[in-house]
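Asker: Take a look at this one; I'll ask things after.
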Amino acid sequence: MSVLSLRGISKTFGAVAALTDIALDVAAGEVVAVVGDNGAGKSTLVKILSGVHPPDSGTITFADRQVQIPTPAAAHKLGIATVFQDLALCENLNVIQNLFLGQEIRPLRLNDVAMETRSWELLRQLSAKIPSVRVPVAALSGGQRQTVAIARSLLGDPKVIILDEPTAALGVAQTAEVLNLVERLRENGLGVIMISHNMADVKAVADTVAVLRLGRNNGVFPVKDVSAEDIIAAITGATDNVVAQRAARGQEGQQS
Amino acid sequence: MTTTTDRQDERLQSRDGLRGALTDVVERARGGDLGMIPVVVGLIVIWTVLQVLNPVFLSSANLVNLTLESAAVGVIALGIVCVLLVGQIDLSVGSVSGLSGAVLAVLFVVKGLPVWLAIFAAVVLGAVVGWLYAQLFNRFGVPSFVITLAGLLGFLGLQLYVLGTNGSINLPFDSGLVNFAQFAFVPAWLSYTLAVVAAGALFVSGFLHARERRKAGLSARSMTALAVRSVALLAALGFVVWYLGQTRGVGWMFVFFVALVLIMHYLLSRTKWGRSVYAVGGNVEAARRAGINVKAVFTTVFVLCSTFAAVGGIMAAARLAAVNPSSGGGDVNLNAIAAAVIGGTSLFGGRGSAFGALLGVVVIQSISSGLTLLNLDSSIRFMVTGAVLLLAVVVDSVSRRSRTSHGRA
């Protein structure tokens, strides 16, 4: 039972077909890793789901309803939260202001006490190591910024969270913490889409791995049945993919 | 004593009470987060120098004049602060203020409409100009620099067209408008009451806020700090009122300007709209992805800026009791922008406050008034104002670099 499913999604930028006929399913309580080489279309897919770019064609079904995601606000309203690779934080604002950006409590007389309390709750929940929430984000390290960005995505009680390269800039301990966090998101029944380059991370937390290659689906594998080498082969297209495609077909047959 | 929620990290050094607050300010300034420090230092230096050169400068009579002169340009600067906060610029505020004055004079004096209707029309015209800029900016992505440069010339032309063959139009002295700008002063008892009310309001709001924070388990300002702050404000305001009261007192026009500053300060710091203004100035893409309607923010800011320019134009016309082809020309434009920048509003966007406009315009008007007292003509005044503006921009850039190296950019 998938909470979010995409069918036939295509997107072109000028003469470049960034995505062609993409299908993707995410169930509640499932971590789907989306992997692919540079230029495979991962970022474009994220942007479509988060409402930054509308798709040229294809359908998005969210919670059994066909939906349009024309704006970031629409994605948020549906319950799709995105943590971008560049984190999209305002460096001149402090942690609280960034966490609640666009969804401040009491718009005409900001309730900063409530926002600060909630910020601490969220950060504790992620066991974040941020000394003060009143410093501008510019003063935080890369890992701390990642934590702030993930905490922000949790604010609106989303159903699906998209993490774009969540561990790319992190140290060993912080990577482990983010992976723990991803597992906690899964336990809470959220669908997680994790874009990643790191096979170790994918093998560690993902349930399903979807491979994109040159803007097309190149196989969907259950993580426990597949080796890192197979995934890499599908990413690079280094081997004949008939085997992979058979495996994917078998998987789809089981699901339906 | 239990540690409050926001003070649990062991790396945080405890900074309580007055000492802590002072240490914080010093640290921040070192890191390049200068805030209001340059403008306050600048003001002290400028006042000292001008007072030494001409002892009349700090006299009560001259300072009363200074406040009245500041009000019109200050209101325009307030609009500039808003545009600069989103990282844009409006170069046409001078022309728009002149046009607004011209429209007011023609409707009121030549056409004989009631004064409130003429004022209303002029202000609406300002808002329309801002809306036009915003449309051009949002739809076609033309840089605001170019749009408003075109506006600078275009609306100067429109001002001359509106004035037509009339040339200079005098506003009648018995109209409420001129009376308000030139002869209306706050009675002494009311000025002192307002000062007490302001200090009281500062204390009460601070106290309520601190209580709410303590209830939520967060650290809060101590009673002593709150009391000291309010008493300091009371003393400062009391002194200003007393000193200005030696001659004519505090003009209603200046009170009007300060009220606008307070309103803008509230809007910018305590509302969702204000937050989004800072966010757009800091990182447009991040603001957009956070679900902020970036185009709407730009629109409100451009409309606000032009509206303030129109209001400033009306105030300048009322102060002069006349409108002529050179109203809003000359240095009005540059003074307003300089005031905003000197007041600590960053040209790079996302940094600054409404109070910056107040302090900045006092600096600019002090220079202008001081040099006039020294019988120096406008050639010298322009050069000095230009140099001060340049200095402010350099301070802005250097402190930005310092913030980057201290991780506070």
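Chain labels run A, B, ... following the order of the structure tokens; each chain numbers its residues from 1, and ligands are numbered from 1 in the order shown.
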Using only C-alpha atoms, I'd like every residue of chain B that has an atom within 8 Å of chain A; please write them out as a VMD selection string.

Answerer: chain B and resid 5 to 12 212 to 213 216 218 270 to 273 275 to 276 278 to 279 282 to 283 285 to 292 350 to 351 406 to 409

Asker: Which neighbours of Ala28 in chain A fall inside 10 Å, counting only C-alpha atoms, when residues of the same chain fewer than 2 positions from it are skipped, and could you give them as number ranges by chain?

Answerer: A: 1-4, 26, 30-31, 63, 159-160, 186-192

Asker: Please provide the set of residues having any atom within 6 Å of Ala33 in chain A, restricted to only C-alpha atoms, with same-chain residues fewer than 2 positions apart removed, written as an MDAnalysis selection string.

Answerer: chainID A and resid 193:195 206 209

Asker: Show which residues sit within 12 Å of Ser59 in chain B, as a ChimeraX atom specification. Count only C-alpha atoms, and ignore same-chain residues fewer than 6 positions away.

Answerer: /B:47,50-51,65-66,243-248,370,373

Asker: Using DSSP assignments from the backbone, pull out every residue in range 137-182 of chain A that falls under helix (DSSP H, G or I) and give it to me as a list in words.

Answerer: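 Across range 137-182 of chain A, those assigned helix (DSSP H, G or I) are Val137, Ala138, Ala139, Gly142, Gly143, Gln144, Arg145, Gln146, Thr147, Val148, Ala149, Ile150, Ala151, Arg152, Ser153, Val172, Ala173, Gln174, Thr175, Ala176, Glu177, Val178, Leu179, Asn180, Leu181 and Val182 of chain A.
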
Asker: Any chance you could list, as a PyMOL selection string, the residues in range 21-235 of chain A that come up strand (DSSP E) when DSSP is run on the backbone?

Answerer: chain A and resi 21-27+31-36+57-62+65-67+80-83+160-164+191-195+208-213+216-222

Asker: Have a look at CA of Gly386 in chain B and CA of Val362 in chain B and let me know their distance in Å, one decimal.

Answerer: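 Going from CA of Gly386 in chain B over to CA of Val362 in chain B covers 15.6 Å.
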
Asker: For CA of Ala134 in chain B and CA of Asp396 in chain B, determine how far apart the two atoms are, in Å to one decimal place.

Answerer: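 These two atoms are separated by 26.5 Å.
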
Asker: Applying 6 Å and only C-alpha atoms, which residues near range 67-80 of chain B remain after dropping the ones on its own chain fewer than 6 positions away? List them as a list in words.

Answerer: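 Counting only C-alpha atoms, the residues come to Phe254, Phe257, Cys305, Phe308, Ala309, Gly312, Met315, Ala316, Ala336, Ala340, Ala357 and Val361 of chain B.
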
Asker: Please identify all polymer residues within 9 Å of Thr147 in chain A, counting only C-alpha atoms, omitting same-chain residues fewer than 2 positions from it, and present them as JSON, numbers by chain.

Answerer: {"A": [123, 126, 128, 129, 130, 142, 143, 144, 145, 149, 150, 151, 152, 178]}

Asker: Output the selection as a PDB file, in the first residue's frame - C-alpha atoms for each residue.

Answerer:
ATOM      1  CA  LEU A 123      16.430  19.099  18.354  1.00  0.00           C
ATOM      2  CA  LEU A 126      17.185  14.203  17.013  1.00  0.00           C
ATOM      3  CA  ALA A 128      21.239  17.267  18.116  1.00  0.00           C
ATOM      4  CA  LYS A 129      24.383  18.923  19.346  1.00  0.00           C
ATOM      5  CA  ILE A 130      23.511  22.560  18.875  1.00  0.00           C
ATOM      6  CA  GLY A 142      27.847  21.517   8.234  1.00  0.00           C
ATOM      7  CA  GLY A 143      26.497  18.676  10.356  1.00  0.00           C
ATOM      8  CA  GLN A 144      24.616  21.021  12.625  1.00  0.00           C
ATOM      9  CA  ARG A 145      23.053  22.675   9.594  1.00  0.00           C
ATOM     10  CA  ALA A 149      17.276  21.156   8.006  1.00  0.00           C
ATOM     11  CA  ILE A 150      15.989  17.700   8.990  1.00  0.00           C
ATOM     12  CA  ALA A 151      14.358  19.075  12.126  1.00  0.00           C
ATOM     13  CA  ARG A 152      12.613  21.666  10.001  1.00  0.00           C
ATOM     14  CA  VAL A 178      21.344  10.698  10.717  1.00  0.00           C
TER      15      VAL A 178
END

Asker: Using only C-alpha atoms, can you tell me which of B:Ser191, B:Asn138, B:Thr165, B:Asn170 comes closest to Lys295 in chain B?

Answerer: B:Asn138

Asker: Could you check how far CA of Ile367 in chain B sits from CA of Ile337 in chain B, in Å to one decimal?

Answerer: 15.0 Å

Asker: Report as a list in words all protein, DNA and RNA residues lying within 6 Å of Ala40 in chain A, evaluated on only C-alpha atoms, omitting residues in the same chain fewer than 4 positions from it.

Answerer: Gly36, Leu212, Arg213, Leu214 and Gly215 of chain A

Asker: Could you save those same residues with N, CA and C atoms as a short mmCIF file (atom, residue, chain, number, x, y, z; two decimals), in the first residue's frame?

Answerer:
data_model
loop_
_atom_site.label_atom_id
_atom_site.label_comp_id
_atom_site.auth_asym_id
_atom_site.auth_seq_id
_atom_site.Cartn_x
_atom_site.Cartn_y
_atom_site.Cartn_z
N GLY A 36 21.81 6.81 -8.25
CA GLY A 36 22.08 7.05 -9.65
C GLY A 36 23.32 7.90 -9.78
N LEU A 212 18.19 5.08 -10.87
CA LEU A 212 17.95 5.91 -12.04
C LEU A 212 19.21 5.91 -12.88
N ARG A 213 19.02 5.87 -14.20
CA ARG A 213 20.17 5.97 -15.08
C ARG A 213 19.76 6.80 -16.28
N LEU A 214 20.46 7.92 -16.50
CA LEU A 214 20.21 8.83 -17.61
C LEU A 214 18.72 9.19 -17.71
N GLY A 215 18.12 9.44 -16.57
CA GLY A 215 16.75 9.94 -16.56
C GLY A 215 15.68 8.87 -16.71
#
